Structures are given as structure tokens and as C-alpha cells.
Amino acid sequence: MGIQDIIEGKKQWRAHMARVKALPPDYQIVYKEIQKYLFKIGPVDLTNGNLLSGIVDFFEEGAAAGKGVLELIGNDVAAFCDDLVKDSRTYADIYQESISGKPGTAEK
């Protein structure tokens, strides 16, 4: 990863966050909670950027339709996030596999 890649990544992240800041306040609060939760559980494919930008797209459509954020995702943010990443591997999964001693995984 070169310096240009880092600069481009920062530009993309800033543009992404500008989209988040353009959302209504209740959407922003829920987005930040989703972001915290996803960073905590660590889905492996989170780094490709499609998941978070897809959530912003979903929120922009909901806001344009005049819906409240809880109408879109329900009352349980964690359950919403779990449904989003239910088929994705997480770093926690990789760690559990490595300490369980399953064949084909690293052992300590």
C-alpha cells in the first residue's frame, strides 16, 4: 500500500462521513452505533467498504421516503447488524478457530 492509496482511502472515508453527516440526526446516531458494533465484531469484509456505504445508501433512501430510522432497522441495532453479517466471517471466528486447534488453522 503506497502513499497514494492511503491518501485516496482518506478521501473516500471523508466523503463517506460527509454523507453520514447529511443524514437526519436520528439516522446519524444509529449509524454511529452500527459502525461501533461492526468495528467491534470485526467482519473480515468490512474493510472493502461496501457494507458501510450500503448502510448509508439504505439510510438515505429511508430518509428521503420520510421514514424514521427505527422503522427501517427495528429497535435492536445489534440484531440488525448481526443479520447483516450473519454469513460473513469475523475476526472473532478466525481467532476461535485458531485456538480450538482445528486442522488447517494456526496453533499456539
# chains A, B, ... in the order shown; residues from 1 in each chain; ligands from 1
>>> residues_around(residues="Asp93 in chain A", least_positions_apart="2", cutoff="10 Å", atoms="only C-alpha atoms", output="ChimeraX atom specification")
/A:41-44,88-91,95-98
>>> select_by_dssp(residues="range 2-107 of chain A", states="helix (DSSP H, G or I)", output="count of residues only")
79
>>> residues_around(residues="range 81-83 of chain A", least_positions_apart="4", cutoff="10 Å", atoms="only C-alpha atoms", output="mmCIF file with N, CA and C atoms, in the first residue's frame")
data_model
loop_
_atom_site.group_PDB
_atom_site.id
_atom_site.type_symbol
_atom_site.label_atom_id
_atom_site.label_comp_id
_atom_site.auth_asym_id
_atom_site.auth_seq_id
_atom_site.Cartn_x
_atom_site.Cartn_y
_atom_site.Cartn_z
ATOM 1 N N GLU A 33 -23.768 3.990 16.013
ATOM 2 C CA GLU A 33 -23.878 2.783 16.834
ATOM 3 C C GLU A 33 -23.614 1.533 16.000
ATOM 4 N N ILE A 34 -24.135 1.518 14.777
ATOM 5 C CA ILE A 34 -23.879 0.390 13.870
ATOM 6 C C ILE A 34 -22.394 0.300 13.577
ATOM 7 N N GLN A 35 -21.787 1.436 13.289
ATOM 8 C CA GLN A 35 -20.355 1.473 12.981
ATOM 9 C C GLN A 35 -19.539 0.943 14.157
ATOM 10 N N TYR A 37 -20.518 -1.078 16.530
ATOM 11 C CA TYR A 37 -20.779 -2.503 16.684
ATOM 12 C C TYR A 37 -20.004 -3.309 15.647
ATOM 13 N N LEU A 38 -20.038 -2.867 14.394
ATOM 14 C CA LEU A 38 -19.334 -3.607 13.340
ATOM 15 C C LEU A 38 -17.828 -3.561 13.531
ATOM 16 N N ILE A 41 -17.157 -6.259 16.333
ATOM 17 C CA ILE A 41 -17.230 -7.676 15.991
ATOM 18 C C ILE A 41 -16.299 -8.032 14.845
ATOM 19 N N ILE A 73 -34.811 -0.297 10.618
ATOM 20 C CA ILE A 73 -33.949 -1.342 11.180
ATOM 21 C C ILE A 73 -34.557 -2.070 12.367
ATOM 22 N N ASP A 76 -33.676 -3.047 17.719
ATOM 23 C CA ASP A 76 -32.443 -3.675 18.184
ATOM 24 C C ASP A 76 -31.337 -3.503 17.141
ATOM 25 N N VAL A 77 -30.453 -2.557 17.399
ATOM 26 C CA VAL A 77 -29.362 -2.266 16.456
ATOM 27 C C VAL A 77 -28.441 -3.473 16.306
ATOM 28 N N ASP A 87 -23.647 -14.213 7.485
ATOM 29 C CA ASP A 87 -22.927 -15.155 6.629
ATOM 30 C C ASP A 87 -21.471 -14.762 6.412
ATOM 31 N N SER A 88 -21.016 -13.740 7.099
ATOM 32 C CA SER A 88 -19.636 -13.263 6.946
ATOM 33 C C SER A 88 -18.756 -13.817 8.054
#
>>> closest_residue(among="A:Ala15, A:Leu52, A:Met1, A:Leu23", to="Gly68 in chain A", atoms="only C-alpha atoms")
A:Leu23
>>> closest_residue(among="A:Val69, A:Ile6, A:Met17, A:Leu51", to="Val30 in chain A", atoms="only C-alpha atoms")
A:Val69
>>> atom_distance(atom1="CA of Gln4 in chain A", atom2="CA of Asn50 in chain A")
20.5 Å
>>> closest_residue(among="A:Ile7, A:Ile55, A:Ala92, A:Ala63", to="Pro25 in chain A", atoms="only C-alpha atoms")
A:Ala63
>>> closest_residue(among="A:Lys21, A:Ser53, A:Ile94, A:Asp26", to="Leu72 in chain A", atoms="only C-alpha atoms")
A:Asp26
>>> atom_distance(atom1="CA of Pro24 in chain A", atom2="CA of Phe80 in chain A")
19.3 Å
>>> closest_residue(among="A:Asp5, A:Gly66, A:His16, A:Ala22", to="Gly54 in chain A", atoms="only C-alpha atoms")
A:His16
